[in-house]
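File shown here: model-v5.pdb, holding PDB, C-alpha atoms.
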MODEL        1
ATOM      1  CA  MET A   1      58.057 -39.483  12.520
ATOM      2  CA  SER A   2      59.895 -38.706  15.741
ATOM      3  CA  LEU A   3      63.210 -36.853  15.627
ATOM      4  CA  GLN A   4      66.220 -39.073  14.922
ATOM      5  CA  PHE A   5      69.953 -38.486  14.639
ATOM      6  CA  GLY A   6      72.490 -39.596  12.083
ATOM      7  CA  LEU A   7      75.877 -38.844  10.554
ATOM      8  CA  GLN A   8      77.022 -36.605   7.721
ATOM      9  CA  LEU A   9      79.604 -38.806   5.978
ATOM     10  CA  TYR A  10      81.894 -35.827   5.336
ATOM     11  CA  SER A  11      82.935 -36.466   8.947
ATOM     12  CA  VAL A  12      84.754 -39.671   7.894
ATOM     13  CA  ARG A  13      85.823 -38.641   4.395
ATOM     14  CA  ASP A  14      89.453 -39.757   4.788
ATOM     15  CA  GLU A  15      88.427 -43.160   6.121
ATOM     16  CA  LEU A  16      85.975 -43.598   3.252
ATOM     17  CA  LYS A  17      88.755 -42.911   0.735
ATOM     18  CA  LYS A  18      90.872 -45.650   2.305
ATOM     19  CA  ASP A  19      88.113 -48.260   2.630
ATOM     20  CA  TYR A  20      84.579 -47.175   1.756
ATOM     21  CA  TRP A  21      82.709 -50.377   2.565
ATOM     22  CA  GLY A  22      84.813 -51.201   5.599
ATOM     23  CA  THR A  23      84.182 -47.725   6.993
ATOM     24  CA  LEU A  24      80.425 -48.134   6.586
ATOM     25  CA  GLU A  25      80.657 -51.425   8.472
ATOM     26  CA  LYS A  26      82.491 -49.680  11.314
ATOM     27  CA  LEU A  27      79.892 -46.906  11.426
ATOM     28  CA  ALA A  28      77.139 -49.497  11.642
ATOM     29  CA  ALA A  29      79.000 -51.212  14.475
ATOM     30  CA  ILE A  30      79.191 -47.879  16.317
ATOM     31  CA  GLY A  31      75.424 -47.632  15.986
ATOM     32  CA  TYR A  32      74.759 -45.074  13.248
ATOM     33  CA  ARG A  33      71.691 -45.851  11.151
ATOM     34  CA  ASN A  34      70.804 -42.621   9.311
ATOM     35  CA  LEU A  35      73.315 -41.123   6.895
ATOM     36  CA  GLU A  36      73.728 -37.948   4.871
ATOM     37  CA  ILE A  37      76.154 -38.433   1.992
ATOM     38  CA  ALA A  38      78.521 -35.828   0.561
ATOM     39  CA  ILE A  39      79.651 -35.911  -3.092
ATOM     40  CA  HIS A  40      81.616 -32.769  -3.856
ATOM     41  CA  ASN A  41      82.498 -33.447  -7.481
ATOM     42  CA  ALA A  42      79.473 -34.898  -9.227
ATOM     43  CA  ASP A  43      80.961 -33.834 -12.583
ATOM     44  CA  ALA A  44      83.340 -36.753 -12.147
ATOM     45  CA  GLY A  45      80.378 -39.101 -11.648
ATOM     46  CA  LEU A  46      78.070 -40.155  -8.845
ATOM     47  CA  GLU A  47      79.982 -42.736  -6.871
ATOM     48  CA  PRO A  48      79.605 -45.171  -5.297
ATOM     49  CA  ASN A  49      77.018 -46.849  -7.490
ATOM     50  CA  ALA A  50      73.603 -46.209  -5.935
ATOM     51  CA  THR A  51      72.304 -49.760  -6.361
ATOM     52  CA  GLU A  52      75.344 -51.300  -4.694
ATOM     53  CA  LEU A  53      75.389 -48.689  -1.925
ATOM     54  CA  ARG A  54      71.688 -49.246  -1.189
ATOM     55  CA  LYS A  55      72.212 -53.013  -0.987
ATOM     56  CA  ARG A  56      75.236 -52.713   1.286
ATOM     57  CA  LEU A  57      73.450 -50.299   3.583
ATOM     58  CA  ASP A  58      70.330 -52.463   3.682
ATOM     59  CA  ASP A  59      72.514 -55.365   4.811
ATOM     60  CA  LEU A  60      73.994 -53.172   7.565
ATOM     61  CA  GLY A  61      70.636 -51.827   8.740
ATOM     62  CA  MET A  62      71.582 -48.327   7.563
ATOM     63  CA  ARG A  63      70.067 -45.881   5.100
ATOM     64  CA  VAL A  64      70.807 -42.647   3.267
ATOM     65  CA  VAL A  65      68.149 -40.095   4.179
ATOM     66  CA  SER A  66      69.754 -36.944   2.752
ATOM     67  CA  SER A  67      72.549 -35.838   0.441
ATOM     68  CA  HIS A  68      74.895 -32.990  -0.383
ATOM     69  CA  ILE A  69      75.908 -33.228  -4.032
ATOM     70  CA  GLN A  70      77.823 -30.599  -6.007
ATOM     71  CA  PRO A  71      77.186 -29.274  -8.576
ATOM     72  CA  LEU A  72      73.430 -29.384  -8.185
ATOM     73  CA  ASP A  73      72.215 -28.691 -11.723
ATOM     74  CA  ARG A  74      72.441 -32.272 -13.048
ATOM     75  CA  TYR A  75      68.841 -32.663 -11.950
ATOM     76  CA  GLU A  76      67.718 -35.872 -13.658
ATOM     77  CA  GLU A  77      70.854 -37.797 -12.723
ATOM     78  CA  ILE A  78      70.936 -36.559  -9.125
ATOM     79  CA  ILE A  79      67.215 -37.175  -8.584
ATOM     80  CA  ALA A  80      67.534 -40.711  -9.953
ATOM     81  CA  TYR A  81      70.573 -41.348  -7.734
ATOM     82  CA  ASN A  82      68.765 -40.174  -4.614
ATOM     83  CA  LYS A  83      65.633 -42.119  -5.474
ATOM     84  CA  GLU A  84      67.663 -45.309  -5.881
ATOM     85  CA  LEU A  85      69.260 -44.700  -2.468
ATOM     86  CA  GLY A  86      65.931 -43.927  -0.837
ATOM     87  CA  SER A  87      67.082 -40.421   0.073
ATOM     88  CA  THR A  88      64.314 -37.832   0.390
ATOM     89  CA  SER A  89      66.312 -34.582   0.484
ATOM     90  CA  ILE A  90      69.272 -32.791  -1.028
ATOM     91  CA  GLY A  91      71.147 -29.732   0.187
ATOM     92  CA  LEU A  92      73.398 -26.962  -1.061
ATOM     93  CA  GLY A  93      76.380 -27.241   1.255
ATOM     94  CA  ILE A  94      78.016 -23.815   1.007
ATOM     95  CA  ALA A  95      77.834 -20.433  -0.738
ATOM     96  CA  PHE A  96      79.646 -17.089  -0.559
ATOM     97  CA  PHE A  97      78.481 -13.532  -1.211
ATOM     98  CA  LYS A  98      80.134 -10.142  -1.698
ATOM     99  CA  ASN A  99      76.990  -8.023  -1.440
ATOM    100  CA  LYS A 100      73.192  -8.108  -1.295
ATOM    101  CA  ARG A 101      72.892  -8.273  -5.081
ATOM    102  CA  GLU A 102      74.818 -11.561  -5.098
ATOM    103  CA  VAL A 103      72.582 -12.923  -2.338
ATOM    104  CA  LEU A 104      69.480 -12.070  -4.367
ATOM    105  CA  GLU A 105      70.971 -13.719  -7.457
ATOM    106  CA  CYS A 106      71.635 -16.803  -5.348
ATOM    107  CA  CYS A 107      68.028 -16.760  -4.149
ATOM    108  CA  GLU A 108      66.842 -17.014  -7.758
ATOM    109  CA  LEU A 109      69.114 -20.024  -8.224
ATOM    110  CA  LEU A 110      67.912 -21.602  -4.980
ATOM    111  CA  ASN A 111      64.303 -21.278  -6.108
ATOM    112  CA  ARG A 112      65.172 -22.940  -9.444
ATOM    113  CA  HIS A 113      66.954 -25.787  -7.674
ATOM    114  CA  GLY A 114      64.086 -26.151  -5.237
ATOM    115  CA  GLU A 115      61.483 -26.296  -7.998
ATOM    116  CA  ALA A 116      63.448 -28.880  -9.988
ATOM    117  CA  TYR A 117      64.007 -31.121  -6.996
ATOM    118  CA  LYS A 118      60.441 -30.784  -5.759
ATOM    119  CA  LYS A 119      59.242 -31.999  -9.150
ATOM    120  CA  GLY A 120      61.569 -34.954  -8.663
ATOM    121  CA  GLY A 121      60.131 -35.721  -5.239
ATOM    122  CA  LEU A 122      63.031 -34.384  -3.137
ATOM    123  CA  ASP A 123      63.061 -31.654  -0.502
ATOM    124  CA  PHE A 124      65.740 -29.033  -1.175
ATOM    125  CA  TYR A 125      67.743 -27.460   1.664
ATOM    126  CA  TYR A 126      70.143 -24.566   2.112
ATOM    127  CA  HIS A 127      72.920 -25.302   4.616
ATOM    128  CA  ASN A 128      74.599 -22.360   6.349
ATOM    129  CA  HIS A 129      78.056 -21.532   7.614
ATOM    130  CA  PHE A 130      79.026 -18.417   9.556
ATOM    131  CA  GLN A 131      79.106 -16.008   6.595
ATOM    132  CA  GLU A 132      75.301 -16.100   6.296
ATOM    133  CA  PHE A 133      75.260 -14.000   9.452
ATOM    134  CA  GLN A 134      77.107 -11.133   7.837
ATOM    135  CA  LYS A 135      74.849  -8.151   7.312
ATOM    136  CA  PHE A 136      74.249  -6.432   3.990
ATOM    137  CA  ASP A 137      72.150  -3.265   4.170
ATOM    138  CA  GLY A 138      71.469  -4.068   7.823
ATOM    139  CA  GLU A 139      70.083  -7.559   7.172
ATOM    140  CA  TYR A 140      71.571 -10.963   7.836
ATOM    141  CA  VAL A 141      72.366 -12.772   4.609
ATOM    142  CA  MET A 142      70.362 -15.688   6.018
ATOM    143  CA  ASP A 143      67.324 -13.468   6.518
ATOM    144  CA  ILE A 144      67.621 -12.146   2.958
ATOM    145  CA  ILE A 145      67.625 -15.754   1.744
ATOM    146  CA  LEU A 146      64.560 -16.586   3.821
ATOM    147  CA  ASP A 147      62.688 -13.514   2.566
ATOM    148  CA  ASN A 148      63.522 -14.061  -1.110
ATOM    149  CA  THR A 149      63.079 -17.798  -1.532
ATOM    150  CA  ASP A 150      59.841 -19.752  -1.708
ATOM    151  CA  LYS A 151      59.341 -21.554   1.604
ATOM    152  CA  ASP A 152      57.671 -24.417  -0.252
ATOM    153  CA  LEU A 153      60.753 -24.883  -2.440
ATOM    154  CA  VAL A 154      63.707 -23.961  -0.228
ATOM    155  CA  LYS A 155      64.040 -25.284   3.301
ATOM    156  CA  VAL A 156      66.898 -24.755   5.773
ATOM    157  CA  GLU A 157      69.359 -27.234   7.196
ATOM    158  CA  LEU A 158      70.606 -25.201  10.145
ATOM    159  CA  ASP A 159      74.182 -25.823  11.202
ATOM    160  CA  THR A 160      74.033 -24.777  14.839
ATOM    161  CA  TYR A 161      77.828 -24.614  15.261
ATOM    162  CA  TRP A 162      78.249 -22.226  12.350
ATOM    163  CA  ALA A 163      75.353 -20.121  13.606
ATOM    164  CA  VAL A 164      77.299 -19.655  16.860
ATOM    165  CA  ARG A 165      80.429 -18.823  14.837
ATOM    166  CA  GLY A 166      78.347 -16.130  13.142
ATOM    167  CA  GLY A 167      77.381 -14.609  16.488
ATOM    168  CA  VAL A 168      73.840 -16.038  16.554
ATOM    169  CA  ASP A 169      72.046 -18.009  19.256
ATOM    170  CA  PRO A 170      71.096 -21.259  17.456
ATOM    171  CA  ILE A 171      68.130 -21.958  19.729
ATOM    172  CA  ALA A 172      66.655 -18.523  19.037
ATOM    173  CA  TYR A 173      67.287 -18.937  15.323
ATOM    174  CA  LEU A 174      65.680 -22.375  15.277
ATOM    175  CA  LYS A 175      62.574 -20.762  16.759
ATOM    176  CA  LYS A 176      62.732 -18.056  14.090
ATOM    177  CA  LEU A 177      62.969 -20.677  11.338
ATOM    178  CA  GLY A 178      60.085 -22.689  12.734
ATOM    179  CA  ASP A 179      58.814 -25.323  10.342
ATOM    180  CA  ARG A 180      61.162 -24.135   7.598
ATOM    181  CA  CYS A 181      64.026 -26.023   9.250
ATOM    182  CA  GLY A 182      63.675 -29.722   8.467
ATOM    183  CA  LEU A 183      67.270 -30.854   9.066
ATOM    184  CA  VAL A 184      70.001 -29.826  11.521
ATOM    185  CA  HIS A 185      73.775 -30.215  11.574
ATOM    186  CA  GLN A 186      75.394 -30.587  14.987
ATOM    187  CA  LYS A 187      79.022 -30.268  15.992
ATOM    188  CA  ASP A 188      80.580 -28.716  19.070
ATOM    189  CA  LEU A 189      82.831 -25.810  20.022
ATOM    190  CA  PRO A 190      85.547 -25.965  22.689
ATOM    191  CA  ALA A 191      84.845 -23.579  25.565
ATOM    192  CA  SER A 192      88.344 -22.127  25.214
ATOM    193  CA  VAL A 193      87.719 -20.683  21.732
ATOM    194  CA  ALA A 194      87.625 -16.896  21.690
ATOM    195  CA  PRO A 195      86.117 -15.031  20.069
ATOM    196  CA  LYS A 196      83.332 -17.454  19.263
ATOM    197  CA  ASN A 197      81.988 -15.073  16.623
ATOM    198  CA  LEU A 198      84.267 -15.254  13.577
ATOM    199  CA  LEU A 199      82.814 -12.012  12.259
ATOM    200  CA  GLU A 200      84.716 -10.311  15.074
ATOM    201  CA  VAL A 201      87.839 -11.633  13.355
ATOM    202  CA  THR A 202      86.907 -10.847   9.763
ATOM    203  CA  GLY A 203      84.738  -7.765  10.245
ATOM    204  CA  GLU A 204      81.056  -7.805   9.287
ATOM    205  CA  ASP A 205      81.651  -6.316   5.839
ATOM    206  CA  ALA A 206      84.607  -8.534   4.893
ATOM    207  CA  ASP A 207      84.803 -10.274   1.531
ATOM    208  CA  ILE A 208      84.640 -13.852   2.779
ATOM    209  CA  THR A 209      85.804 -16.105  -0.031
ATOM    210  CA  PHE A 210      86.163 -19.873   0.052
ATOM    211  CA  GLU A 211      89.910 -19.405   0.519
ATOM    212  CA  ARG A 212      89.362 -17.051   3.467
ATOM    213  CA  PHE A 213      86.858 -19.499   4.940
ATOM    214  CA  LEU A 214      89.437 -22.299   4.816
ATOM    215  CA  GLU A 215      92.030 -20.068   6.467
ATOM    216  CA  LEU A 216      89.645 -19.509   9.386
ATOM    217  CA  LYS A 217      88.965 -23.235   9.938
ATOM    218  CA  ASN A 218      91.163 -24.412  12.795
ATOM    219  CA  VAL A 219      91.199 -27.995  14.025
ATOM    220  CA  ASP A 220      91.395 -26.736  17.604
ATOM    221  CA  HIS A 221      88.079 -24.928  17.141
ATOM    222  CA  PHE A 222      86.111 -28.170  16.799
ATOM    223  CA  SER A 223      85.265 -30.747  19.407
ATOM    224  CA  GLU A 224      83.192 -33.891  19.343
ATOM    225  CA  VAL A 225      79.483 -33.505  20.048
ATOM    226  CA  GLY A 226      78.951 -33.254  23.784
ATOM    227  CA  GLU A 227      82.593 -32.456  24.502
ATOM    228  CA  GLY A 228      82.331 -28.698  24.005
ATOM    229  CA  SER A 229      80.354 -25.646  25.042
ATOM    230  CA  LEU A 230      77.219 -25.743  22.892
ATOM    231  CA  ASP A 231      73.844 -26.350  24.563
ATOM    232  CA  ILE A 232      73.140 -29.478  22.568
ATOM    233  CA  ALA A 233      70.477 -30.726  24.970
ATOM    234  CA  GLY A 234      68.703 -27.394  24.562
ATOM    235  CA  ILE A 235      69.038 -27.576  20.770
ATOM    236  CA  ILE A 236      67.547 -31.084  20.678
ATOM    237  CA  SER A 237      64.730 -30.020  22.993
ATOM    238  CA  THR A 238      63.953 -26.981  20.820
ATOM    239  CA  VAL A 239      63.989 -29.022  17.605
ATOM    240  CA  ARG A 240      61.586 -31.497  19.195
ATOM    241  CA  GLU A 241      59.352 -28.697  20.454
ATOM    242  CA  ILE A 242      59.102 -27.141  16.985
ATOM    243  CA  GLY A 243      58.383 -30.582  15.564
ATOM    244  CA  ALA A 244      59.434 -29.954  11.947
ATOM    245  CA  ALA A 245      62.959 -31.386  11.697
ATOM    246  CA  LYS A 246      63.338 -35.074  10.899
ATOM    247  CA  TYR A 247      67.049 -35.552  11.588
ATOM    248  CA  ILE A 248      69.970 -34.016  13.459
ATOM    249  CA  PHE A 249      73.223 -35.017  11.764
ATOM    250  CA  VAL A 250      76.510 -35.241  13.620
ATOM    251  CA  GLU A 251      79.104 -33.499  11.467
ATOM    252  CA  GLN A 252      82.773 -33.289  12.389
ATOM    253  CA  ASP A 253      84.555 -30.874  10.052
ATOM    254  CA  LEU A 254      87.978 -31.343  11.640
ATOM    255  CA  THR A 255      89.371 -33.430  14.476
ATOM    256  CA  THR A 256      92.719 -34.164  16.094
ATOM    257  CA  ARG A 257      91.556 -37.772  16.508
ATOM    258  CA  ASN A 258      91.074 -40.545  14.007
ATOM    259  CA  GLN A 259      87.796 -39.738  12.251
ATOM    260  CA  LEU A 260      86.106 -42.988  13.284
ATOM    261  CA  GLU A 261      87.156 -42.498  16.895
ATOM    262  CA  SER A 262      85.794 -38.950  16.698
ATOM    263  CA  VAL A 263      82.343 -39.892  15.432
ATOM    264  CA  GLU A 264      82.143 -42.745  17.938
ATOM    265  CA  ILE A 265      82.587 -40.246  20.785
ATOM    266  CA  SER A 266      79.894 -38.039  19.247
ATOM    267  CA  TYR A 267      77.588 -41.040  18.857
ATOM    268  CA  ARG A 268      78.007 -42.017  22.481
ATOM    269  CA  ASN A 269      77.269 -38.489  23.696
ATOM    270  CA  ILE A 270      74.369 -37.618  21.415
ATOM    271  CA  SER A 271      72.659 -40.986  21.870
ATOM    272  CA  LYS A 272      72.499 -40.288  25.613
ATOM    273  CA  LEU A 273      70.846 -36.933  24.926
ATOM    274  CA  PHE A 274      68.281 -38.632  22.692
ATOM    275  CA  GLU A 275      67.400 -40.999  25.517
ATOM    276  CA  VAL A 276      66.284 -38.111  27.723
TER     277      VAL A 276
ENDMDL
END
Now, as a test, write the supplied structure out as structure tokens.
Amino acid sequence: MSLQFGLQLYSVRDELKKDYWGTLEKLAAIGYRNLEIAIHNADAGLEPNATELRKRLDDLGMRVVSSHIQPLDRYEEIIAYNKELGSTSIGLGIAFFKNKREVLECCELLNRHGEAYKKGGLDFYYHNHFQEFQKFDGEYVMDIILDNTDKDLVKVELDTYWAVRGGVDPIAYLKKLGDRCGLVHQKDLPASVAPKNLLEVTGEDADITFERFLELKNVDHFSEVGEGSLDIAGIISTVREIGAAKYIFVEQDLTTRNQLESVEISYRNISKLFEV
């Protein structure tokens, strides 16, 4: 299958809360066809109902191809939900570490998740932010994860924006990942942001907690895809050259615009790059 692009629905989370079905209709009208869903409190139930969501999306010519669902250990329920949707992959959206020991403990958990989901017919992915490019004992956290997880069980969904915010060249890291990277998240960074590397703000050995991460997220540090400084054409070209990734998902963490207006701008810009 040739590389396609889609949308991580976290990008329009506020609009979905106001009018879930109406928002999907607007996304379809923009042109999005491939979706990655985000359910951040599965303990409260997996909503919307998978059968109804699948039917609505079928009617709109859209489909769910991937999911982020937390917590991940409700294996049977989550696998059944994804199967009903037609989704083929699930990802761990975020993690935090104080030291190498915690990274290694996480790797054991990632392998367990990966094995459970593989048995259920789903590919399992780890999705990065900037803190994976901290170094413990001289190694990137991300490299420790790669070295201590089974490549057949744990794949990578590289977020190119957060790689840049961790001081890493995303094109070089995509080449390093090779066929282990099957999905990509794409946002954009305004050229005016300095420093680009957030580890210059926190320090490489900082204790980056979820609370600290939220403090560092600034709406002015995000721009719509194609409106900022990232080499998105180069990223797309590299992903195509490697030939392993199936989808690049637009993801807009924060925006000063209405969320639907934001993802429409990103759609317009990234669709042009896919035409090249």
Shell around Leu183 in chain A at 6 Å using all atoms listed in the file, local window under 4 positions removed, as a PyMOL selection string = chain A and resi 157+245+247
The PyMOL selection byres ((chain A and resi 48) around 12) on the file shown: which residues, as a ChimeraX atom specification?
-> /A:16-17,20-21,37-39,42,44-47,49-57,81-82,84-85
Please measure the separation of CA of Leu254 in chain A and CA of Val219 in chain A, giving the value in Å to one decimal.
->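 Computing it gives 5.2 Å between the two atoms.
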What separation in Å, quoted to one decimal, exists between CA of Glu76 in chain A and CA of His40 in chain A?
->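 Computing the Euclidean distance for CA of Glu76 in chain A and CA of His40 in chain A yields 17.3 Å.
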Can you tell me, as JSON, numbers by chain, which residues sit within 12 Å of (90.1, -36.0, 11.3) in the file's frame, using all atoms listed in the file?
-> {"A": [10, 11, 12, 13, 14, 15, 16, 218, 219, 220, 222, 223, 224, 251, 252, 253, 254, 255, 256, 257, 258, 259, 260, 261, 262, 263]}
What gap, in Å, lies between CA of Ala244 in chain A and CA of Glu139 in chain A?
-> 25.3 Å
Nearest candidate to Leu122 in chain A (options A:Arg33, A:Lys187, A:Arg240, A:Lys83; using all atoms listed in the file) |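 Counting all atoms listed in the file, the residue closest to Leu122 in chain A is A:Lys83.
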Residue nearest Leu7 in chain A - candidates A:Tyr267, A:Phe249, A:Tyr173, A:Phe96, atoms counted: all atoms listed in the file =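 For Leu7 in chain A, the nearest of the candidates is A:Phe249.
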Would you tabulate, counting all atoms listed in the file, all residues of range 95-157 of chain A that have an atom at most 9 Å from an atom of range 193-200 of chain A, showing the closest pair of atoms and their distance in Å to one decimal, sorted by chain then ascending number, as a tab-separated table?
residue	atom	partner	partner_atom	distance
A:Phe130	CA	A:Leu198	CA	7.3
A:Gln131	CA	A:Leu199	CA	7.9
A:Phe133	CA	A:Leu199	CA	8.3
A:Gln134	CA	A:Leu199	CA	7.3
Please, could you write that set of residues out with C-alpha atoms as a compact mmCIF listing (two decimals), in the coordinates of the input?
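The result, written out as selection-v5.txt:
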# COMPACT_ATOMS: atom_id res chain seq x y z
CA PHE A 130 79.03 -18.42 9.56
CA GLN A 131 79.11 -16.01 6.60
CA PHE A 133 75.26 -14.00 9.45
CA GLN A 134 77.11 -11.13 7.84
Skipping near chain neighbours, those fewer than 6 positions away, what residues fall within 12 Å of His129 in chain A using all atoms listed in the file, listed as a ChimeraX atom specification?
-> /A:92-97,141-142,156-168,185-186,197-199,208,210,213-214,216-217,253
When the PyMOL selection byres ((chain A and resi 274) around 10) is applied to the file above, which residues end up in the set, as a ChimeraX atom specification?
-> /A:3-5,233,236-237,269-273,275-276
Residues selected by the PyMOL selection byres ((chain A and resi 60) around 10), written as a PDB file with C-alpha atoms, in the frame of the given file:
ATOM      1  CA  LEU A  24      80.425 -48.134   6.586  1.00  0.00           C
ATOM      2  CA  GLU A  25      80.657 -51.425   8.472  1.00  0.00           C
ATOM      3  CA  LYS A  26      82.491 -49.680  11.314  1.00  0.00           C
ATOM      4  CA  LEU A  27      79.892 -46.906  11.426  1.00  0.00           C
ATOM      5  CA  ALA A  28      77.139 -49.497  11.642  1.00  0.00           C
ATOM      6  CA  ALA A  29      79.000 -51.212  14.475  1.00  0.00           C
ATOM      7  CA  TYR A  32      74.759 -45.074  13.248  1.00  0.00           C
ATOM      8  CA  ARG A  33      71.691 -45.851  11.151  1.00  0.00           C
ATOM      9  CA  ARG A  54      71.688 -49.246  -1.189  1.00  0.00           C
ATOM     10  CA  LYS A  55      72.212 -53.013  -0.987  1.00  0.00           C
ATOM     11  CA  ARG A  56      75.236 -52.713   1.286  1.00  0.00           C
ATOM     12  CA  LEU A  57      73.450 -50.299   3.583  1.00  0.00           C
ATOM     13  CA  ASP A  58      70.330 -52.463   3.682  1.00  0.00           C
ATOM     14  CA  ASP A  59      72.514 -55.365   4.811  1.00  0.00           C
ATOM     15  CA  GLY A  61      70.636 -51.827   8.740  1.00  0.00           C
ATOM     16  CA  MET A  62      71.582 -48.327   7.563  1.00  0.00           C
ATOM     17  CA  ARG A  63      70.067 -45.881   5.100  1.00  0.00           C
TER      18      ARG A  63
END
Between A:Leu189, A:Leu153, A:Ile90, A:Ala206, which one has atoms that come closest to Gly228 in chain A, using all atoms listed in the file?
-> A:Leu189
Which one is closest to Val250 in chain A: A:Arg74, A:Pro170, A:Thr149, A:Gln8? Count all atoms listed in the file.
->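 For Val250 in chain A, the nearest of the given residues is A:Gln8.
Proximity ranking of A:Gly234, A:Asp150, A:Lys98, A:Thr23 relative to Asp207 in chain A places A:Lys98 first, based on all atoms listed in the file.
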Using the file's own x, y and z axes, what box holds all listed atoms of range 175-189 of chain A with 6 Å on each side, keeping edges along x, y and z, and what are its centre and edge lengths in Å to one decimal, as JSON?
{"center_x": 70.8, "center_y": -24.5, "center_z": 13.8, "size_x": 36.0, "size_y": 24.8, "size_z": 24.4}
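For the set A:Asp169, A:Val184, A:Glu77, A:Leu177, the residue with the smallest atom-to-atom gap to Gly91 in chain A is A:Val184, counting all atoms listed in the file.
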How would range 60-75 of chain A look with N, CA and C atoms restored, written as a PDB file, keeping the file's coordinate frame?
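Output saved as selection_1.pdb:
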ATOM      1  N   LEU A  60      73.444 -53.672   6.304  1.00  0.00           N
ATOM      2  CA  LEU A  60      73.994 -53.172   7.565  1.00  0.00           C
ATOM      3  C   LEU A  60      72.918 -52.541   8.457  1.00  0.00           C
ATOM      4  N   GLY A  61      71.690 -52.486   7.972  1.00  0.00           N
ATOM      5  CA  GLY A  61      70.636 -51.827   8.740  1.00  0.00           C
ATOM      6  C   GLY A  61      70.769 -50.320   8.742  1.00  0.00           C
ATOM      7  N   MET A  62      71.383 -49.773   7.678  1.00  0.00           N
ATOM      8  CA  MET A  62      71.582 -48.327   7.563  1.00  0.00           C
ATOM      9  C   MET A  62      70.852 -47.806   6.334  1.00  0.00           C
ATOM     10  N   ARG A  63      70.731 -46.470   6.262  1.00  0.00           N
ATOM     11  CA  ARG A  63      70.067 -45.881   5.100  1.00  0.00           C
ATOM     12  C   ARG A  63      70.556 -44.459   4.876  1.00  0.00           C
ATOM     13  N   VAL A  64      70.545 -44.039   3.616  1.00  0.00           N
ATOM     14  CA  VAL A  64      70.807 -42.647   3.267  1.00  0.00           C
ATOM     15  C   VAL A  64      69.476 -41.916   3.287  1.00  0.00           C
ATOM     16  N   VAL A  65      69.397 -40.850   4.078  1.00  0.00           N
ATOM     17  CA  VAL A  65      68.149 -40.095   4.179  1.00  0.00           C
ATOM     18  C   VAL A  65      68.275 -38.694   3.583  1.00  0.00           C
ATOM     19  N   SER A  66      69.527 -38.279   3.300  1.00  0.00           N
ATOM     20  CA  SER A  66      69.754 -36.944   2.752  1.00  0.00           C
ATOM     21  C   SER A  66      71.092 -36.935   2.028  1.00  0.00           C
ATOM     22  N   SER A  67      71.301 -35.901   1.203  1.00  0.00           N
ATOM     23  CA  SER A  67      72.549 -35.838   0.441  1.00  0.00           C
ATOM     24  C   SER A  67      72.990 -34.396   0.214  1.00  0.00           C
ATOM     25  N   HIS A  68      74.295 -34.224   0.126  1.00  0.00           N
ATOM     26  CA  HIS A  68      74.895 -32.990  -0.383  1.00  0.00           C
ATOM     27  C   HIS A  68      75.663 -33.396  -1.634  1.00  0.00           C
ATOM     28  N   ILE A  69      75.264 -32.876  -2.770  1.00  0.00           N
ATOM     29  CA  ILE A  69      75.908 -33.228  -4.032  1.00  0.00           C
ATOM     30  C   ILE A  69      76.182 -31.946  -4.812  1.00  0.00           C
ATOM     31  N   GLN A  70      77.435 -31.776  -5.225  1.00  0.00           N
ATOM     32  CA  GLN A  70      77.823 -30.599  -6.007  1.00  0.00           C
ATOM     33  C   GLN A  70      78.458 -31.049  -7.328  1.00  0.00           C
ATOM     34  N   PRO A  71      78.192 -30.335  -8.431  1.00  0.00           N
ATOM     35  CA  PRO A  71      77.186 -29.274  -8.576  1.00  0.00           C
ATOM     36  C   PRO A  71      75.777 -29.846  -8.618  1.00  0.00           C
ATOM     37  N   LEU A  72      74.817 -28.960  -8.389  1.00  0.00           N
ATOM     38  CA  LEU A  72      73.430 -29.384  -8.185  1.00  0.00           C
ATOM     39  C   LEU A  72      72.584 -29.425  -9.450  1.00  0.00           C
ATOM     40  N   ASP A  73      73.092 -28.904 -10.571  1.00  0.00           N
ATOM     41  CA  ASP A  73      72.215 -28.691 -11.723  1.00  0.00           C
ATOM     42  C   ASP A  73      72.101 -29.898 -12.657  1.00  0.00           C
ATOM     43  N   ARG A  74      72.636 -31.046 -12.263  1.00  0.00           N
ATOM     44  CA  ARG A  74      72.441 -32.272 -13.048  1.00  0.00           C
ATOM     45  C   ARG A  74      71.191 -32.973 -12.501  1.00  0.00           C
ATOM     46  N   TYR A  75      70.046 -32.304 -12.688  1.00  0.00           N
ATOM     47  CA  TYR A  75      68.841 -32.663 -11.950  1.00  0.00           C
ATOM     48  C   TYR A  75      68.405 -34.115 -12.155  1.00  0.00           C
TER      49      TYR A  75
END
